[in-house]
Structure formats: structure tokens, C-alpha cells
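Content type JSON, C-alpha atoms, from the file model32.json:
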```json
[["chain", "number", "residue", "atom", "x", "y", "z"],
["A", 287, "MET", "CA", -16.32, 178.31, -21.73],
["A", 288, "LYS", "CA", -14.30, 177.21, -24.75],
["A", 289, "TYR", "CA", -11.43, 176.21, -22.48],
["A", 290, "ILE", "CA", -13.67, 174.14, -20.22],
["A", 291, "LYS", "CA", -15.33, 172.36, -23.17],
["A", 292, "LEU", "CA", -11.99, 171.37, -24.68],
["A", 293, "LEU", "CA", -10.56, 170.31, -21.31],
["A", 294, "ILE", "CA", -13.59, 168.11, -20.62],
["A", 295, "ALA", "CA", -13.29, 166.70, -24.15],
["A", 296, "GLY", "CA", -9.65, 165.89, -23.37],
["A", 297, "PHE", "CA", -10.61, 164.02, -20.20],
["A", 298, "ILE", "CA", -13.30, 162.11, -22.10],
["A", 299, "LEU", "CA", -10.75, 161.14, -24.76],
["A", 300, "LEU", "CA", -8.32, 160.09, -22.01],
["A", 301, "PHE", "CA", -11.05, 157.92, -20.51],
["A", 302, "ILE", "CA", -11.90, 156.39, -23.90],
["A", 303, "SER", "CA", -8.24, 155.73, -24.66],
["A", 304, "SER", "CA", -7.66, 154.01, -21.32],
["A", 305, "VAL", "CA", -10.86, 151.94, -21.24],
["A", 306, "SER", "CA", -11.60, 150.92, -24.82],
["A", 307, "THR", "CA", -8.19, 150.49, -26.40],
["A", 308, "ASP", "CA", -8.85, 146.82, -27.14],
["A", 309, "THR", "CA", -11.85, 147.63, -29.31],
["A", 310, "LEU", "CA", -9.89, 150.17, -31.37],
["A", 311, "THR", "CA", -6.81, 147.97, -31.78],
["A", 312, "MET", "CA", -6.25, 146.66, -35.30],
["A", 313, "TYR", "CA", -3.27, 144.49, -36.31],
["A", 314, "GLN", "CA", -1.80, 145.10, -32.85],
["A", 315, "ILE", "CA", -1.83, 148.86, -33.49],
["A", 316, "THR", "CA", -3.50, 150.93, -30.81],
["A", 317, "PRO", "CA", -4.39, 154.46, -31.93],
["A", 318, "ASN", "CA", -3.30, 157.40, -29.82],
["A", 319, "ILE", "CA", -6.55, 159.28, -29.29],
["A", 320, "LEU", "CA", -4.94, 162.12, -27.34],
["A", 321, "LEU", "CA", -2.67, 163.13, -30.22],
["A", 322, "PRO", "CA", -5.46, 164.79, -32.27],
["A", 323, "TRP", "CA", -6.66, 166.56, -29.14],
["A", 324, "VAL", "CA", -3.16, 167.98, -28.59],
["A", 325, "VAL", "CA", -3.01, 169.18, -32.19],
["A", 326, "TYR", "CA", -6.49, 170.70, -32.01],
["A", 327, "ILE", "CA", -5.97, 172.65, -28.79],
["A", 328, "SER", "CA", -2.53, 173.78, -29.96],
["A", 329, "ILE", "CA", -4.15, 175.36, -32.98],
["A", 330, "ARG", "CA", -7.26, 176.72, -31.28],
["A", 331, "LEU", "CA", -6.12, 177.92, -27.82],
["A", 332, "ASP", "CA", -3.63, 180.41, -26.45],
["A", 333, "TYR", "CA", -0.07, 179.25, -25.86],
["A", 334, "LYS", "CA", -0.17, 179.05, -22.06],
["A", 335, "TYR", "CA", -3.47, 177.16, -22.00],
["A", 336, "CYS", "CA", -2.52, 174.64, -24.66],
["A", 337, "LEU", "CA", 0.80, 173.79, -23.00],
["A", 338, "THR", "CA", -0.79, 173.57, -19.54],
["A", 339, "PHE", "CA", -3.65, 171.36, -20.70],
["A", 340, "THR", "CA", -1.29, 169.21, -22.75],
["A", 341, "PHE", "CA", 1.12, 168.74, -19.87],
["A", 342, "PHE", "CA", -1.48, 167.73, -17.29],
["A", 343, "LEU", "CA", -3.41, 165.42, -19.60],
["A", 344, "SER", "CA", -0.27, 163.74, -20.88],
["A", 345, "ILE", "CA", 0.90, 163.19, -17.28],
["A", 346, "ALA", "CA", -2.47, 161.54, -16.60],
["A", 347, "ASN", "CA", -2.03, 159.45, -19.77],
["A", 348, "ASP", "CA", 1.44, 158.36, -18.64],
["A", 349, "LEU", "CA", 0.10, 157.35, -15.25],
["A", 350, "LEU", "CA", -2.61, 155.25, -16.88],
["A", 351, "ASN", "CA", -0.19, 153.73, -19.42],
["A", 352, "PRO", "CA", 3.18, 153.49, -17.64],
["A", 353, "GLN", "CA", 5.10, 151.55, -20.31],
["A", 354, "LEU", "CA", 7.18, 154.59, -21.27],
["A", 355, "LEU", "CA", 6.66, 156.84, -18.29],
["A", 356, "GLY", "CA", 7.43, 160.42, -19.28],
["A", 357, "PHE", "CA", 8.24, 159.75, -22.95],
["A", 358, "SER", "CA", 4.79, 160.61, -24.29],
["A", 359, "THR", "CA", 4.57, 163.63, -21.98],
["A", 360, "ILE", "CA", 7.77, 165.04, -23.44],
["A", 361, "LEU", "CA", 6.61, 164.30, -26.99],
["A", 362, "PHE", "CA", 3.14, 165.77, -26.45],
["A", 363, "VAL", "CA", 4.48, 168.99, -24.93],
["A", 364, "LEU", "CA", 7.09, 169.40, -27.68],
["A", 365, "LEU", "CA", 4.56, 168.71, -30.42],
["A", 366, "SER", "CA", 2.11, 171.11, -28.82],
["A", 367, "HIS", "CA", 4.77, 173.80, -28.70],
["A", 368, "PHE", "CA", 5.85, 173.32, -32.32],
["A", 369, "THR", "CA", 2.28, 173.02, -33.58],
["A", 370, "HIS", "CA", 1.31, 176.25, -31.86],
["A", 371, "GLN", "CA", 4.40, 178.09, -33.10],
["A", 372, "HIS", "CA", 4.16, 176.98, -36.74],
["A", 373, "ASN", "CA", 0.40, 177.20, -37.24],
["A", 374, "ASN", "CA", 0.07, 180.89, -36.45],
["A", 375, "SER", "CA", 0.28, 181.79, -40.13],
["A", 376, "PHE", "CA", -2.51, 179.39, -41.14],
["A", 377, "ASN", "CA", -6.20, 180.12, -41.03],
["A", 378, "LYS", "CA", -7.19, 178.27, -37.88],
["A", 379, "ASP", "CA", -10.84, 177.88, -38.88],
["A", 380, "LYS", "CA", -10.04, 175.80, -41.96],
["A", 381, "PHE", "CA", -10.70, 172.12, -41.41],
["A", 382, "LEU", "CA", -8.21, 170.97, -44.07],
["A", 383, "THR", "CA", -5.42, 172.95, -42.42],
["A", 384, "ILE", "CA", -6.05, 171.12, -39.16],
["A", 385, "LEU", "CA", -6.12, 167.75, -40.95],
["A", 386, "PHE", "CA", -2.83, 168.48, -42.71],
["A", 387, "SER", "CA", -1.25, 169.52, -39.41],
["A", 388, "LEU", "CA", -2.55, 166.33, -37.87],
["A", 389, "PHE", "CA", -0.98, 164.21, -40.62],
["A", 390, "VAL", "CA", 2.40, 165.93, -40.22],
["A", 391, "ILE", "CA", 2.27, 165.58, -36.43],
["A", 392, "ASN", "CA", 1.39, 161.88, -36.73],
["A", 393, "ILE", "CA", 4.42, 161.37, -38.95],
["A", 394, "ALA", "CA", 6.68, 163.26, -36.55],
["A", 395, "PHE", "CA", 5.31, 161.57, -33.42],
["A", 396, "TYR", "CA", 5.57, 158.01, -34.71],
["A", 397, "MET", "CA", 8.93, 158.50, -36.41],
["A", 398, "ILE", "CA", 10.35, 159.73, -33.11],
["A", 399, "GLN", "CA", 8.88, 156.65, -31.44],
["A", 400, "TRP", "CA", 10.36, 154.47, -34.20],
["A", 401, "LEU", "CA", 13.75, 156.02, -33.64],
["A", 402, "TYR", "CA", 13.47, 155.39, -29.90],
["A", 403, "PHE", "CA", 12.41, 151.76, -30.32],
["A", 404, "SER", "CA", 14.88, 151.02, -33.11],
["A", 405, "PHE", "CA", 17.73, 151.47, -30.63],
["A", 406, "SER", "CA", 16.24, 148.74, -28.46],
["A", 407, "SER", "CA", 16.20, 145.04, -29.26],
["A", 408, "TYR", "CA", 13.50, 145.24, -31.96],
["A", 409, "GLU", "CA", 14.19, 144.72, -35.64],
["A", 410, "PRO", "CA", 14.27, 148.20, -37.27],
["A", 411, "LEU", "CA", 12.74, 147.19, -40.63],
["A", 412, "PHE", "CA", 9.82, 145.40, -38.99],
["A", 413, "LEU", "CA", 9.30, 148.44, -36.79],
["A", 414, "LEU", "CA", 9.42, 150.75, -39.80],
["A", 415, "ARG", "CA", 6.65, 148.79, -41.56],
["A", 416, "LYS", "CA", 4.58, 148.76, -38.39],
["A", 417, "THR", "CA", 5.23, 152.47, -37.88],
["A", 418, "LEU", "CA", 4.03, 153.30, -41.39],
["A", 419, "LEU", "CA", 0.86, 151.26, -40.79],
["A", 420, "THR", "CA", 0.44, 153.01, -37.46],
["A", 421, "ILE", "CA", 0.73, 156.43, -39.12],
["A", 422, "VAL", "CA", -1.98, 155.59, -41.65],
["A", 423, "TYR", "CA", -4.34, 154.00, -39.10],
["A", 424, "ASN", "CA", -3.80, 156.69, -36.50],
["A", 425, "THR", "CA", -4.33, 159.45, -39.06],
["A", 426, "LEU", "CA", -7.69, 157.93, -40.01],
["A", 427, "ILE", "CA", -8.76, 157.62, -36.36],
["A", 428, "SER", "CA", -7.43, 161.12, -35.67],
["A", 429, "CYS", "CA", -9.54, 162.57, -38.49],
["A", 430, "ILE", "CA", -12.63, 161.13, -36.83],
["A", 431, "VAL", "CA", -11.60, 162.52, -33.43],
["A", 432, "ILE", "CA", -10.78, 165.96, -34.91],
["A", 433, "THR", "CA", -14.19, 166.06, -36.58],
["A", 434, "GLY", "CA", -15.80, 165.36, -33.21],
["A", 435, "LEU", "CA", -13.69, 168.04, -31.53],
["A", 436, "PHE", "CA", -14.56, 170.49, -34.29],
["A", 437, "PHE", "CA", -18.27, 169.95, -33.58],
["A", 438, "VAL", "CA", -17.77, 170.13, -29.80],
["A", 439, "ASP", "CA", -15.99, 173.45, -30.21],
["A", 440, "ARG", "CA", -18.89, 174.77, -32.29],
["A", 441, "LEU", "CA", -21.48, 173.86, -29.62],
["A", 442, "ARG", "CA", -23.00, 176.75, -27.79],
["A", 443, "ILE", "CA", -23.11, 175.78, -24.14],
["A", 444, "THR", "CA", -23.99, 178.30, -21.46],
["A", 445, "LEU", "CA", -24.34, 177.98, -17.74],
["A", 446, "HIS", "CA", -27.31, 179.64, -16.07],
["A", 447, "GLU", "CA", -28.17, 179.58, -12.40]]
```

For the structure just supplied, provide its representation as C-alpha cells.
Amino acid sequence: MKYIKLLIAGFILLFISSVSTDTLTMYQITPNILLPWVVYISIRLDYKYCLTFTFFLSIANDLLNPQLLGFSTILFVLLSHFTHQHNNSFNKDKFLTILFSLFVINIAFYMIQWLYFSFSSYEPLFLLRKTLLTIVYNTLISCIVITGLFFVDRLRITLHE
């Protein structure tokens, strides 16, 4: 049941990120709502489930937002793999551990994007300032999303016929 709850939560976050991105945009920075979900399931689920869920939901995200088709899928799967591999030594029930992992993953994710975009026609220093703002804003939004996922995971839902 835990797997189904987190998969449904992922689809809800995908829906929210595709429908209401204009309301969450601040200073032309759109938060990536699926990134905290990827971090959370990478810490909480088994390796094969977290990579499978991450792959399929990031493919759906790329199909809904085709600006960089495949780029976010590759980043999400790699970040899910590294998060799962390096968080095995932490206590997975600690909320602060998950928030710290989320902050580090936000830095890694957006610095890789900055590196990718800095090779294009954009000005690298302007992109660096915008990337740093994006890291701060996305970390704040991600903390809110992680808190919601933490409560969803604690819900006791059973199916009876």
C-alpha cells in the first residue's frame, strides 16, 4: 500500500506541476515539484521501485514539458540512483536528514542545469545568479512538498471489500 500511496502522490504532483506552474512562478523561476518526490521515494523505497517510479514519472513529465526532452529524465534517474546509494547509512525516518538530502540534490540538479545552459547562448553570470535564486526558492517549495509527502506516507489507508 505504501508503494501505491507514493505513486499516486507522484501523479498528483505531476498534475499540479503541469497545471498550476504559473501560480507558483516567482521572478520567472518555476519550482520543480517532482524533485522532492524523487528524493523522498529514493530514501523511503526499495531500489527497483524507486528507479522504476522515477523513470516513468519523469518520462511523463518530459512529455508534458518537452523543452528539454529526455534531459530531466536522465537527471531524475541519476539523482534517484545516487540518493538511494548514499542515503543507506542515514536514519531514513529523520525529517532533517531528508531535508538535508533535498538541499544537496537541489544544488546538484540546478548546477548541472546551469552547466548545460551555460554552454548555450545565455550569459553564464546571469544564469549563475538565477540558478542560485532557483536553488533557494526550489528548496523552500521542496520542503513544503516533502512535509506533505511525509504526512501522506504516515497515513493509514486500507482497502476493504

Write out as lines of an AutoDock Vina configuration file an axis-aligned box for range 342-355 of chain A: all of its atoms listed in the file, 5 Å added on each side, centre and edge lengths in Å with one decimal.
```
center_x = 1.9
center_y = 159.6
center_z = -18.3
size_x = 20.6
size_y = 26.2
size_z = 16.0
```

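Closest to Ser303 in chain A among A:Met397, A:Ala346, A:Val325, A:Ile290 is A:Ala346, based on only C-alpha atoms.
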
Q: Report the distance between CA of Leu321 in chain A and CA of Lys288 in chain A in Å, rounded to one decimal place.
A: 19.1 Å

Q. So which residues touch Leu300 in chain A within 9 Å, counting only C-alpha atoms, skipping near sequence neighbours fewer than 4 positions away, as a list in words?
A.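 So, after excluding close chain neighbours, the residues are Ala295, Gly296, Ser304, Val305, Ile319, Leu320, Leu343, Ser344, Ala346 and Asn347 of chain A.
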
Q.
Can you tell me which residues surround Tyr313 in chain A at a distance of at most 10 Å, considering all atoms listed in the file, apart from same-chain residues fewer than 5 positions away, and format the answer as a list in words?
A. Lys416, Leu419, Thr420 and Tyr423 of chain A

Q: Just give me the gap between CA of Leu292 in chain A and CA of Ile327 in chain A in Å, one decimal is fine.
A: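 Rounded to one decimal, the two atoms are 7.4 Å apart.
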
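Here CA of Phe386 in chain A is placed at a distance of 21.0 Å from CA of Trp400 in chain A.
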
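Restricting the calculation to all atoms listed in the file, the smallest distance between His372 in chain A and any of A:Ile329, A:Thr359, A:Gln353, A:Asn424 is found for A:Ile329.
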
Residues of range 292-405 of chain A within 10 Å of range 410-414 of chain A: nearest atom pair and distance (Å, one decimal) for each, counting all atoms listed in the file, sorted by chain and number, as JSON lines?
```
{"residue": "A:Tyr396", "atom": "CA", "partner": "A:Leu414", "partner_atom": "CA", "distance": 9.7}
{"residue": "A:Met397", "atom": "CA", "partner": "A:Leu414", "partner_atom": "CA", "distance": 8.5}
{"residue": "A:Gln399", "atom": "CA", "partner": "A:Leu413", "partner_atom": "CA", "distance": 9.8}
{"residue": "A:Trp400", "atom": "CA", "partner": "A:Leu413", "partner_atom": "CA", "distance": 6.6}
{"residue": "A:Leu401", "atom": "CA", "partner": "A:Pro410", "partner_atom": "CA", "distance": 8.6}
{"residue": "A:Phe403", "atom": "CA", "partner": "A:Leu413", "partner_atom": "CA", "distance": 7.9}
{"residue": "A:Ser404", "atom": "CA", "partner": "A:Pro410", "partner_atom": "CA", "distance": 5.1}
{"residue": "A:Phe405", "atom": "CA", "partner": "A:Pro410", "partner_atom": "CA", "distance": 8.2}
```

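With distances taken over all atoms listed in the file, A:Ser428 is the one residue among A:Ser428, A:Val324, A:Arg442, A:Gln371 lying closest to Phe389 in chain A.
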
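Using all atoms listed in the file, the nearest neighbour of Tyr289 in chain A within the list A:Leu331, A:Met312, A:Leu435, A:Leu418 is A:Leu331.
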
Q: List every protein, DNA or RNA residue with an atom no more than 12 Å from (8.0, 160.6, -24.0) in the file's coordinates, counting all atoms listed in the file, and format the result as a ChimeraX atom specification.
A: /A:341,344-345,347-348,351-365,395-396,398-399,402-403

Please provide as a PDB file with C-alpha atoms, keeping the file's coordinate frame all residues within 8 Å of Leu388 in chain A, with the sequence filter that same-chain residues fewer than 2 positions apart are discarded (counting all atoms listed in the file).
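Everything below was put into around-v1.pdb:
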```pdb
ATOM      1  CA  PRO A 322      -5.460 164.790 -32.270  1.00  0.00           C
ATOM      2  CA  VAL A 325      -3.010 169.180 -32.190  1.00  0.00           C
ATOM      3  CA  ILE A 384      -6.050 171.120 -39.160  1.00  0.00           C
ATOM      4  CA  LEU A 385      -6.120 167.750 -40.950  1.00  0.00           C
ATOM      5  CA  PHE A 386      -2.830 168.480 -42.710  1.00  0.00           C
ATOM      6  CA  VAL A 390       2.400 165.930 -40.220  1.00  0.00           C
ATOM      7  CA  ILE A 391       2.270 165.580 -36.430  1.00  0.00           C
ATOM      8  CA  ASN A 392       1.390 161.880 -36.730  1.00  0.00           C
ATOM      9  CA  THR A 425      -4.330 159.450 -39.060  1.00  0.00           C
ATOM     10  CA  SER A 428      -7.430 161.120 -35.670  1.00  0.00           C
ATOM     11  CA  CYS A 429      -9.540 162.570 -38.490  1.00  0.00           C
TER      12      CYS A 429
END
```

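With all atoms listed in the file as the basis for measurement, A:Ala394 is the residue among A:Tyr333, A:Ile294, A:Phe436, A:Ala394 that approaches Ile421 in chain A most closely.
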